[in-house]
file model_15.tsv (TSV, C-alpha atoms)
chain	number	residue	atom	x	y	z
A	1	ALA	CA	4.01	-13.70	-10.90
A	2	LYS	CA	1.06	-12.82	-13.12
A	3	GLY	CA	-1.22	-14.83	-10.84
A	4	HIS	CA	-0.52	-12.56	-7.86
A	5	ASN	CA	-1.24	-9.01	-6.72
A	6	THR	CA	2.28	-7.87	-7.49
A	7	ILE	CA	4.45	-5.76	-9.76
A	8	MET	CA	5.92	-6.72	-13.12
A	9	ILE	CA	8.68	-4.75	-14.85
A	10	SER	CA	10.60	-4.74	-18.11
A	11	ASN	CA	14.36	-4.87	-18.57
A	12	LYS	CA	14.07	-1.78	-20.73
A	13	ALA	CA	11.29	0.47	-21.98
A	14	GLY	CA	9.18	-1.44	-24.48
A	15	GLY	CA	10.56	-4.83	-23.47
A	16	HIS	CA	8.52	-7.80	-22.26
A	17	MET	CA	7.12	-7.70	-18.73
A	18	GLY	CA	8.31	-10.09	-16.06
A	19	GLY	CA	7.69	-10.60	-12.38
A	20	PRO	CA	10.29	-11.48	-9.76
A	21	VAL	CA	11.74	-15.00	-9.97
A	22	LYS	CA	11.68	-16.67	-6.57
A	23	GLY	CA	14.44	-19.20	-7.07
A	24	ASP	CA	14.97	-22.94	-7.08
A	25	PHE	CA	15.70	-25.58	-4.45
A	26	ALA	CA	19.17	-24.18	-3.81
A	27	HIS	CA	18.97	-20.41	-4.35
A	28	TYR	CA	16.78	-17.38	-3.82
A	29	TYR	CA	17.37	-15.18	-6.84
A	30	ASN	CA	15.55	-12.13	-5.44
A	31	PRO	CA	15.77	-12.40	-1.62
A	32	ILE	CA	13.20	-10.38	0.32
A	33	THR	CA	13.84	-8.72	3.68
A	34	LEU	CA	11.04	-8.03	6.14
A	35	ARG	CA	12.21	-4.57	7.16
A	36	ASN	CA	9.45	-3.39	9.53
A	37	SER	CA	6.15	-4.47	10.99
A	38	LEU	CA	3.86	-3.20	13.73
A	39	VAL	CA	0.55	-4.21	15.28
A	40	ARG	CA	-1.14	-1.73	17.61
A	41	PRO	CA	-4.83	-1.23	18.50
A	42	TYR	CA	-4.95	1.86	16.28
A	43	PHE	CA	-2.70	0.93	13.33
A	44	GLU	CA	-0.92	-1.97	11.65
A	45	PHE	CA	1.69	-2.11	8.91
A	46	VAL	CA	4.26	-4.34	7.28
A	47	GLU	CA	7.19	-3.39	5.04
A	48	ALA	CA	9.31	-5.64	2.84
A	49	VAL	CA	12.27	-4.76	0.61
A	50	MET	CA	13.68	-6.62	-2.37
A	51	ASP	CA	16.84	-5.96	-4.39
A	52	TRP	CA	15.37	-7.00	-7.72
A	53	ARG	CA	17.95	-8.56	-10.06
A	54	TYR	CA	16.02	-11.15	-12.11
A	55	ILE	CA	12.67	-11.12	-13.90
A	56	GLU	CA	10.81	-13.95	-15.59
A	57	SER	CA	12.10	-14.47	-19.11
A	58	SER	CA	8.77	-15.84	-20.39
A	59	PRO	CA	6.04	-14.94	-17.88
A	60	GLU	CA	3.17	-16.11	-20.09
A	61	GLY	CA	4.39	-19.67	-20.64
A	62	GLU	CA	5.29	-22.76	-18.69
A	63	ASN	CA	8.87	-21.55	-18.31
A	64	TYR	CA	7.96	-18.61	-16.11
A	65	HIS	CA	10.59	-19.78	-13.59
A	66	VAL	CA	13.40	-19.18	-16.12
A	67	ARG	CA	15.20	-16.02	-15.08
A	68	GLU	CA	16.51	-13.05	-17.03
A	69	LEU	CA	19.18	-10.82	-15.48
A	70	LEU	CA	18.25	-7.15	-15.37
A	71	ASP	CA	20.75	-4.82	-17.00
A	72	ASN	CA	20.33	-2.54	-13.99
A	73	PRO	CA	18.83	-3.83	-10.72
A	74	VAL	CA	15.87	-2.19	-8.98
A	75	GLN	CA	15.10	-1.78	-5.29
A	76	TRP	CA	11.43	-2.38	-4.47
A	77	HIS	CA	9.76	-1.43	-1.19
A	78	ARG	CA	6.20	-2.64	-0.63
A	79	VAL	CA	4.40	-1.35	2.45
A	80	VAL	CA	0.86	-2.32	3.48
A	81	LEU	CA	-0.80	0.18	5.82
A	82	TYR	CA	-3.92	-0.71	7.81
A	83	PRO	CA	-5.53	2.13	9.80
A	84	LYS	CA	-8.27	-0.32	10.83
A	85	ASP	CA	-10.89	0.77	8.28
A	86	TYR	CA	-9.25	0.20	4.88
A	87	PHE	CA	-5.92	-0.80	3.32
A	88	VAL	CA	-3.21	1.18	1.57
A	89	VAL	CA	-0.51	-0.46	-0.57
A	90	VAL	CA	2.58	1.68	-1.17
A	91	ASP	CA	5.07	0.59	-3.83
A	92	ILE	CA	8.37	2.44	-4.14
A	93	LEU	CA	10.72	1.45	-6.98
A	94	ASN	CA	14.13	3.00	-7.46
A	95	GLY	CA	16.35	2.23	-10.42
A	96	SER	CA	18.83	3.88	-12.77
A	97	GLN	CA	17.08	3.47	-16.12
A	98	VAL	CA	13.68	4.02	-17.67
A	99	ARG	CA	11.53	0.88	-17.79
A	100	ASP	CA	7.87	-0.15	-17.86
A	101	VAL	CA	6.15	-1.00	-14.57
A	102	ASP	CA	2.78	-2.76	-14.22
A	103	THR	CA	1.01	-2.87	-10.86
A	104	LEU	CA	-1.41	-5.84	-10.85
A	105	PHE	CA	-4.59	-6.38	-8.86
A	106	HIS	CA	-6.89	-9.39	-9.22
A	107	LEU	CA	-10.64	-8.88	-8.77
A	108	SER	CA	-12.63	-11.85	-7.59
A	109	SER	CA	-15.70	-13.14	-5.76
A	110	LEU	CA	-17.08	-16.31	-4.21
A	111	ASN	CA	-20.09	-15.67	-6.45
A	112	ILE	CA	-19.46	-17.45	-9.76
A	113	VAL	CA	-21.00	-18.79	-12.95
A	114	GLU	CA	-19.58	-22.31	-13.06
A	115	SER	CA	-17.61	-23.73	-15.98
A	116	ARG	CA	-19.17	-26.67	-17.79
A	117	GLY	CA	-17.93	-29.71	-19.71
A	118	SER	CA	-14.89	-31.82	-18.92
A	119	SER	CA	-11.18	-31.27	-18.53
A	120	TYR	CA	-10.78	-32.45	-22.12
A	121	ASN	CA	-13.73	-30.52	-23.55
A	122	VAL	CA	-14.72	-27.30	-21.80
A	123	THR	CA	-18.10	-26.39	-23.29
A	124	TYR	CA	-18.49	-23.16	-21.28
A	125	LYS	CA	-15.82	-21.15	-19.50
A	126	GLY	CA	-17.39	-19.69	-16.37
A	127	HIS	CA	-16.49	-16.49	-14.56
A	128	VAL	CA	-16.73	-14.69	-11.26
A	129	ILE	CA	-19.76	-12.42	-11.00
A	130	GLY	CA	-18.93	-8.75	-10.68
A	131	GLU	CA	-19.54	-5.37	-12.27
A	132	LEU	CA	-16.37	-3.53	-13.22
A	133	SER	CA	-15.95	0.13	-14.08
A	134	VAL	CA	-12.92	2.32	-14.74
A	135	GLU	CA	-13.40	6.01	-14.01
A	136	ASP	CA	-17.16	5.32	-13.80
A	137	VAL	CA	-17.24	3.81	-17.31
A	138	PRO	CA	-18.54	0.17	-17.32
A	139	VAL	CA	-16.16	-2.49	-18.63
A	140	ASN	CA	-17.72	-5.63	-20.17
A	141	TRP	CA	-14.77	-7.77	-19.16
A	142	THR	CA	-16.57	-11.12	-19.58
A	143	LEU	CA	-16.84	-10.43	-23.34
A	144	GLN	CA	-13.12	-9.81	-23.76
A	145	PRO	CA	-10.89	-12.35	-25.50
A	146	TYR	CA	-9.24	-14.61	-22.94
A	147	GLY	CA	-5.68	-13.74	-21.98
A	148	GLU	CA	-5.49	-10.38	-23.77
A	149	GLU	CA	-4.88	-6.99	-22.19
A	150	VAL	CA	-7.53	-4.46	-23.21
A	151	GLN	CA	-7.17	-0.73	-22.64
A	152	ALA	CA	-10.02	0.22	-20.28
A	153	GLY	CA	-9.31	3.87	-19.57
A	154	ALA	CA	-6.94	6.29	-17.88
A	155	GLY	CA	-7.04	7.79	-14.41
A	156	ASN	CA	-7.01	6.65	-10.78
A	157	THR	CA	-10.28	4.92	-9.94
A	158	VAL	CA	-11.59	1.38	-10.45
A	159	THR	CA	-14.85	0.09	-8.94
A	160	TRP	CA	-15.80	-3.56	-8.49
A	161	ILE	CA	-19.29	-4.55	-7.26
A	162	THR	CA	-20.13	-8.13	-6.33
A	163	GLN	CA	-21.92	-10.05	-3.55
A	164	ASN	CA	-20.48	-11.29	-0.27
A	165	ILE	CA	-21.12	-14.75	1.19
A	166	SER	CA	-24.35	-13.43	2.77
A	167	GLY	CA	-25.68	-12.41	-0.63
A	168	MET	CA	-25.33	-8.71	0.06
A	169	PRO	CA	-23.88	-6.36	-2.55
A	170	VAL	CA	-20.42	-5.03	-1.69
A	171	GLU	CA	-18.28	-2.48	-3.47
A	172	LEU	CA	-14.50	-2.30	-3.68
A	173	ARG	CA	-13.06	1.02	-4.74
A	174	ILE	CA	-9.43	1.07	-5.85
A	175	PHE	CA	-7.76	4.46	-6.11
A	176	SER	CA	-4.19	4.36	-7.39
A	177	ALA	CA	-1.80	7.27	-7.91
A	178	PRO	CA	-0.06	8.41	-10.00
A	179	ALA	CA	-2.87	8.44	-12.56
A	180	SER	CA	-2.18	5.80	-15.19
A	181	ASN	CA	-3.40	3.98	-18.24
A	182	ILE	CA	-5.45	1.05	-16.94
A	183	THR	CA	-5.85	-2.26	-18.73
A	184	VAL	CA	-8.07	-5.27	-18.00
A	185	GLU	CA	-7.33	-8.90	-18.83
A	186	ARG	CA	-9.72	-11.83	-18.47
A	187	PHE	CA	-7.70	-14.63	-16.92
A	188	TRP	CA	-8.02	-17.98	-15.14
A	189	CYS	CA	-8.56	-18.55	-11.42
A	190	ARG	CA	-9.92	-21.23	-9.10
A	191	ILE	CA	-12.78	-20.34	-6.73
A	192	ALA	CA	-13.88	-22.42	-3.70
A	193	GLY	CA	-13.03	-25.84	-5.09
A	194	TYR	CA	-10.83	-27.97	-7.33
A	195	SER	CA	-13.26	-29.30	-9.95
A	196	LEU	CA	-13.76	-27.94	-13.45
A	197	ALA	CA	-16.82	-26.01	-12.30
A	198	ASN	CA	-14.59	-23.94	-10.01
A	199	GLU	CA	-12.06	-23.12	-12.73
A	200	VAL	CA	-13.37	-19.79	-13.94
A	201	THR	CA	-12.13	-16.44	-15.23
A	202	HIS	CA	-11.75	-13.08	-13.48
A	203	PRO	CA	-10.37	-9.62	-14.36
A	204	ILE	CA	-6.74	-8.59	-13.80
A	205	LEU	CA	-6.14	-4.86	-13.50
A	206	ARG	CA	-2.86	-3.28	-14.56
A	207	PHE	CA	-1.91	0.27	-13.66
A	208	LYS	CA	0.75	1.20	-16.24
A	209	PHE	CA	3.82	3.35	-15.58
A	210	ARG	CA	7.06	4.19	-17.37
A	211	GLY	CA	10.07	5.72	-15.60
A	212	SER	CA	13.21	4.99	-13.61
A	213	ALA	CA	11.55	5.50	-10.21
A	214	MET	CA	7.97	5.10	-9.03
A	215	ASN	CA	6.09	6.07	-5.88
A	216	ARG	CA	2.67	4.43	-6.17
A	217	ILE	CA	-0.06	4.71	-3.55
A	218	THR	CA	-3.08	2.40	-3.91
A	219	VAL	CA	-6.10	2.72	-1.61
A	220	LEU	CA	-8.33	-0.37	-1.25
A	221	TYR	CA	-11.64	0.71	0.27
A	222	SER	CA	-14.68	-1.56	0.55
A	223	ARG	CA	-18.19	-0.59	1.56
A	224	PHE	CA	-21.84	-1.49	1.14
A	225	PRO	CA	-23.31	0.48	-1.79
A	226	GLY	CA	-25.19	3.49	-0.50
A	227	GLY	CA	-22.94	3.83	2.54
A	228	GLU	CA	-20.44	6.59	3.22
A	229	SER	CA	-18.29	6.89	0.12
A	230	GLY	CA	-16.27	10.05	0.63
A	231	PHE	CA	-13.94	11.10	-2.14
A	232	MET	CA	-10.30	10.57	-3.07
A	233	VAL	CA	-8.06	12.86	-5.06
A	234	GLU	CA	-4.45	12.83	-6.20
A	235	LEU	CA	-2.63	15.96	-5.04
A	236	PRO	CA	0.25	17.51	-6.97
A	237	VAL	CA	3.54	17.26	-5.06
A	238	GLU	CA	7.20	17.46	-5.97
A	239	ASN	CA	9.50	14.51	-5.20
A	240	GLY	CA	6.69	11.99	-4.81
A	241	THR	CA	3.00	11.08	-4.84
A	242	ALA	CA	0.15	12.23	-2.58
A	243	VAL	CA	-3.46	11.10	-2.11
A	244	LYS	CA	-6.16	12.71	0.01
A	245	PHE	CA	-9.16	10.66	1.21
A	246	VAL	CA	-12.02	12.63	2.79
A	247	ARG	CA	-14.97	10.91	4.51
A	248	ASP	CA	-17.01	11.10	7.73
A	249	GLY	CA	-15.44	14.49	8.44
A	250	GLU	CA	-11.96	12.99	8.52
A	251	GLU	CA	-9.15	13.77	6.10
A	252	ASP	CA	-6.47	11.17	5.40
A	253	LEU	CA	-3.32	12.37	3.66
A	254	ILE	CA	-1.00	9.66	2.29
A	255	CYS	CA	2.35	10.55	0.74
A	256	ALA	CA	5.36	8.65	-0.59
A	257	GLY	CA	8.56	9.99	-2.08
A	258	ASN	CA	12.14	11.13	-1.64
A	259	GLY	CA	13.40	14.29	-0.03
A	260	THR	CA	11.16	16.97	1.43
A	261	LEU	CA	7.44	16.59	0.75
A	262	GLU	CA	5.25	19.69	0.99
A	263	VAL	CA	1.55	19.24	0.32
A	264	ASP	CA	-1.77	20.45	1.78
A	265	GLY	CA	-0.11	22.18	4.73
A	266	LEU	CA	2.08	19.16	5.53
A	267	ARG	CA	5.87	19.42	5.42
A	268	THR	CA	8.00	16.35	6.13
A	269	ASP	CA	11.12	14.46	5.14
A	270	SER	CA	9.31	11.13	5.63
A	271	ASN	CA	9.78	8.43	3.02
A	272	ILE	CA	6.13	7.40	3.53
A	273	ILE	CA	3.52	9.09	5.71
A	274	PHE	CA	-0.13	8.54	6.68
A	275	TYR	CA	-1.71	11.54	8.43
A	276	ARG	CA	-5.35	11.59	9.60
A	277	SER	CA	-6.98	14.74	10.91
A	278	LEU	CA	-10.43	15.70	12.15
A	279	MET	CA	-11.48	19.35	12.18
A	280	GLY	CA	-7.85	20.31	11.69
A	281	GLU	CA	-6.59	18.28	14.67
A	282	PRO	CA	-4.31	15.24	14.27
A	283	LYS	CA	-5.92	11.87	14.99
A	284	LEU	CA	-3.58	9.25	13.50
A	285	LEU	CA	-0.04	9.34	12.18
A	286	THR	CA	2.40	6.79	10.80
A	287	ALA	CA	5.67	7.78	9.11
A	288	PHE	CA	8.75	5.95	7.84
A	289	ARG	CA	12.32	7.25	7.93
A	290	THR	CA	11.45	10.65	9.28
A	291	SER	CA	12.89	13.43	11.41
A	292	ARG	CA	10.15	16.05	11.17
A	293	ILE	CA	6.40	16.27	10.63
A	294	ILE	CA	4.97	19.78	10.50
A	295	LYS	CA	1.29	20.48	9.78
A	296	ASP	CA	-0.05	23.98	9.25
A	297	GLY	CA	3.02	25.41	10.97
A	298	VAL	CA	2.76	23.18	14.07
A	299	GLU	CA	5.69	20.85	14.77
A	300	VAL	CA	3.65	17.70	15.38
A	301	PHE	CA	6.83	15.61	15.84
A	302	VAL	CA	10.48	16.56	15.46
A	303	PHE	CA	13.43	14.22	16.10
A	304	SER	CA	17.07	15.22	16.43
A	305	LYS	CA	17.94	12.40	14.03
A	306	ARG	CA	15.93	10.37	11.58
A	307	VAL	CA	14.01	7.43	13.06
A	308	GLU	CA	13.06	4.27	11.21
A	309	PHE	CA	9.34	4.66	11.88
A	310	LEU	CA	6.81	6.46	14.05
A	311	SER	CA	3.18	5.49	14.66
A	312	ALA	CA	0.92	7.64	16.86
A	313	THR	CA	-2.68	8.03	17.93
A	314	PHE	CA	-3.99	11.33	19.31
A	315	GLU	CA	-6.73	10.68	21.87
A	316	ALA	CA	-8.65	12.82	24.35
A	317	ASP	CA	-6.60	11.67	27.37
A	318	ALA	CA	-3.19	11.03	25.80
A	319	ILE	CA	-0.94	10.84	22.77
A	320	ARG	CA	0.28	7.28	22.40
A	321	PHE	CA	3.08	6.52	19.98
A	322	THR	CA	5.57	3.84	19.01
A	323	VAL	CA	8.95	4.70	17.56
A	324	LYS	CA	11.88	2.69	16.25
A	325	GLY	CA	15.31	4.29	16.35
A	326	GLU	CA	18.95	3.44	16.91
A	327	SER	CA	20.51	5.71	19.56
A	328	GLU	CA	20.00	8.61	21.92
A	329	THR	CA	17.49	10.98	20.37
A	330	ALA	CA	15.78	14.22	21.32
A	331	ILE	CA	12.03	14.24	20.64
A	332	LYS	CA	9.81	17.30	20.40
A	333	LEU	CA	6.04	16.99	20.04
A	334	TYR	CA	3.13	19.34	20.32
A	335	ALA	CA	1.15	18.34	23.44
A	336	PRO	CA	-0.25	21.11	25.68
A	337	ASN	CA	-1.25	20.41	29.31
A	338	VAL	CA	0.78	17.26	29.92
A	339	ARG	CA	1.14	15.84	33.42
A	340	GLU	CA	3.10	12.63	32.79
A	341	VAL	CA	5.15	10.84	30.14
A	342	ARG	CA	5.76	7.09	30.15
A	343	MET	CA	8.22	5.07	28.11
A	344	ASP	CA	7.48	1.35	27.93
A	345	GLY	CA	5.11	1.78	30.87
A	346	LYS	CA	7.55	3.61	33.16
A	347	PRO	CA	7.45	7.36	33.96
A	348	ILE	CA	10.32	9.42	32.50
A	349	THR	CA	11.45	13.00	32.90
A	350	PHE	CA	10.35	15.63	30.40
A	351	GLU	CA	10.25	19.37	29.83
A	352	THR	CA	7.51	21.61	28.46
A	353	VAL	CA	8.03	24.78	26.43
A	354	ASP	CA	5.17	26.76	24.84
A	355	GLY	CA	2.89	23.74	24.52
A	356	TYR	CA	5.63	21.38	23.33
A	357	VAL	CA	6.96	18.34	25.21
A	358	LEU	CA	10.72	17.78	25.06
A	359	LEU	CA	12.23	14.32	25.63
A	360	ARG	CA	15.71	12.88	25.44
A	361	VAL	CA	15.67	9.09	25.25
A	362	ASN	CA	17.71	6.12	24.04
A	363	LEU	CA	15.90	4.57	21.08
A	364	SER	CA	17.82	1.30	20.99
A	365	SER	CA	14.94	-0.54	19.29
A	366	ILE	CA	11.13	-0.24	19.32
A	367	HIS	CA	9.63	1.70	22.24
A	368	ASP	CA	6.11	2.70	23.27
A	369	PHE	CA	5.30	6.11	24.76
A	370	GLU	CA	2.31	7.64	26.49
A	371	VAL	CA	2.05	11.40	26.81
A	372	ILE	CA	-0.75	11.77	29.37
A	373	LYS	CA	-2.70	14.99	29.42
A	374	GLY	CA	-3.54	16.79	32.66
call {"tool": "encode", "arguments": {"input": "model_15.tsv", "output": "structure tokens"}}
result
Amino acid sequence: AKGHNTIMISNKAGGHMGGPVKGDFAHYYNPITLRNSLVRPYFEFVEAVMDWRYIESSPEGENYHVRELLDNPVQWHRVVLYPKDYFVVVDILNGSQVRDVDTLFHLSSLNIVESRGSSYNVTYKGHVIGELSVEDVPVNWTLQPYGEEVQAGAGNTVTWITQNISGMPVELRIFSAPASNITVERFWCRIAGYSLANEVTHPILRFKFRGSAMNRITVLYSRFPGGESGFMVELPVENGTAVKFVRDGEEDLICAGNGTLEVDGLRTDSNIIFYRSLMGEPKLLTAFRTSRIIKDGVEVFVFSKRVEFLSATFEADAIRFTVKGESETAIKLYAPNVREVRMDGKPITFETVDGYVLLRVNLSSIHDFEVIKG
């Protein structure tokens, strides 16, 4: 597991870390369920769930496939959100005991200093080329001892600058909440080939956490240095985690948690929510397991019963949204001056009251709606 962008946990606080054990030829020890996915012109996401029962008993050695039964299992949701301009990784862990949780990210590049020597006598161990900083403090990761975690700082932000295949400098900014101790390890990888020259080292990031439940939001934002950078900040919120990303006049609010979340004028019972606004008006919205989304006192969406997910874009001519539910549901959304509503391409009846559109529909699965403005 250590070789992947994944999560590793301990059986108990202070115990050794281990990733999920896949299984053998006959059994999956930690089966994964693809719970939800969506691809639309304005938004994409995928969600997987694992009931985590076994970790690696010796993750650093050759016997990493040997499993260790957790005293208390953990449920892990990983959701990847893609609003078409950057990525967000949401990790939700729920368990019944305090344990250590490491969230791993591997930093790499096609730009490398090659290794030299032979398979039997490596005279120089090469590395990917990149400048690493944690909370704006440079980290000389290439000088670290191989295979050792080194404390690099504490906070939310990691920056990685390298070159793309065109030789242009590119910057990856990683912002992860809740704020954590961050470690860096220099570790092996293979870049663009299978010879010794391509077997080089790279940095592994670990965002450290200890608790029985975790709601981690990690923003992965790449840009050309000197371009629009914006700023990200972790917002205080009960029952979860919240991140605000402001750039180009837009504000993105990303939250994950349990129960009612109230932050920055947003009130919702969503498990996970992405809300983009421009000049105070909604532009993009995706929410999981939700029945209400209220922003600055406006009921943006309200459902008579919780739906599995909602994804919406607010455009000049229409509000277009996709929703997954299970049965007959009343929907209320703020949409003044509406002339037509379509469900899966067909017109349906609707009512309007004080700028709100009222619908009653059968959400037997995934359905697409268009609320067309007049």
call {"tool": "closest_residue", "arguments": {"input": "model_15.tsv", "among": "A:Asp100, A:Asp344, A:Asp264, A:Glu135", "to": "A:Asn156", "atoms": "all atoms listed in the file"}}
result
A:Glu135
call {"tool": "residues_near_point", "arguments": {"input": "model_15.tsv", "point": "(2.9, -3.2, -0.3)", "cutoff": "10 Å", "atoms": "only C-alpha atoms", "output": "list in words"}}
result
Asn5, Thr6, Ile7, Phe45, Val46, Glu47, Ala48, Val49, Trp76, His77, Arg78, Val79, Val80, Leu81, Phe87, Val88, Val89, Val90, Asp91, Ile92, Arg216, Ile217 and Thr218 of chain A
call {"tool": "write_last_selection", "arguments": {"input": "model_15.tsv", "atoms": "C-alpha atoms", "output": "mmCIF file, in the coordinates of the input"}}
result
data_model
loop_
_atom_site.group_PDB
_atom_site.id
_atom_site.type_symbol
_atom_site.label_atom_id
_atom_site.label_comp_id
_atom_site.auth_asym_id
_atom_site.auth_seq_id
_atom_site.Cartn_x
_atom_site.Cartn_y
_atom_site.Cartn_z
ATOM 1 C CA ASN A 5 -1.240 -9.010 -6.720
ATOM 2 C CA THR A 6 2.280 -7.870 -7.490
ATOM 3 C CA ILE A 7 4.450 -5.760 -9.760
ATOM 4 C CA PHE A 45 1.690 -2.110 8.910
ATOM 5 C CA VAL A 46 4.260 -4.340 7.280
ATOM 6 C CA GLU A 47 7.190 -3.390 5.040
ATOM 7 C CA ALA A 48 9.310 -5.640 2.840
ATOM 8 C CA VAL A 49 12.270 -4.760 0.610
ATOM 9 C CA TRP A 76 11.430 -2.380 -4.470
ATOM 10 C CA HIS A 77 9.760 -1.430 -1.190
ATOM 11 C CA ARG A 78 6.200 -2.640 -0.630
ATOM 12 C CA VAL A 79 4.400 -1.350 2.450
ATOM 13 C CA VAL A 80 0.860 -2.320 3.480
ATOM 14 C CA LEU A 81 -0.800 0.180 5.820
ATOM 15 C CA PHE A 87 -5.920 -0.800 3.320
ATOM 16 C CA VAL A 88 -3.210 1.180 1.570
ATOM 17 C CA VAL A 89 -0.510 -0.460 -0.570
ATOM 18 C CA VAL A 90 2.580 1.680 -1.170
ATOM 19 C CA ASP A 91 5.070 0.590 -3.830
ATOM 20 C CA ILE A 92 8.370 2.440 -4.140
ATOM 21 C CA ARG A 216 2.670 4.430 -6.170
ATOM 22 C CA ILE A 217 -0.060 4.710 -3.550
ATOM 23 C CA THR A 218 -3.080 2.400 -3.910
#
call {"tool": "atom_distance", "arguments": {"input": "model_15.tsv", "atom1": "atom CA of A:Val113", "atom2": "atom CA of A:Trp141"}}
result
14.1 Å
call {"tool": "atom_distance", "arguments": {"input": "model_15.tsv", "atom1": "atom CA of A:Ala242", "atom2": "atom CA of A:Glu228"}}
result
22.1 Å
call {"tool": "residues_around", "arguments": {"input": "model_15.tsv", "residues": "stretch 231-239 of chain A", "least_positions_apart": "3", "cutoff": "12 Å", "atoms": "only C-alpha atoms", "output": "PyMOL selection string"}}
result
chain A and resi 155-158+173-180+213-221+228+242-272
call {"tool": "closest_residue", "arguments": {"input": "model_15.tsv", "among": "A:Asn164, A:Asn140, A:Asn198, A:Asn94", "to": "A:Arg116", "atoms": "only C-alpha atoms"}}
result
A:Asn198
call {"tool": "residues_around", "arguments": {"input": "model_15.tsv", "residues": "A:Ile204", "least_positions_apart": "4", "cutoff": "10 Å", "atoms": "all atoms listed in the file", "output": "PyMOL selection string"}}
result
chain A and resi 2-5+104-108+141+147+149+183-188
call {"tool": "closest_residue", "arguments": {"input": "model_15.tsv", "among": "A:Asp102, A:Glu326, A:Asp24, A:Glu315", "to": "A:Leu284", "atoms": "all atoms listed in the file"}}
result
A:Glu315
call {"tool": "closest_residue", "arguments": {"input": "model_15.tsv", "among": "A:Phe25, A:Asp368, A:Tyr86, A:Gly240", "to": "A:Val39", "atoms": "only C-alpha atoms"}}
result
A:Asp368
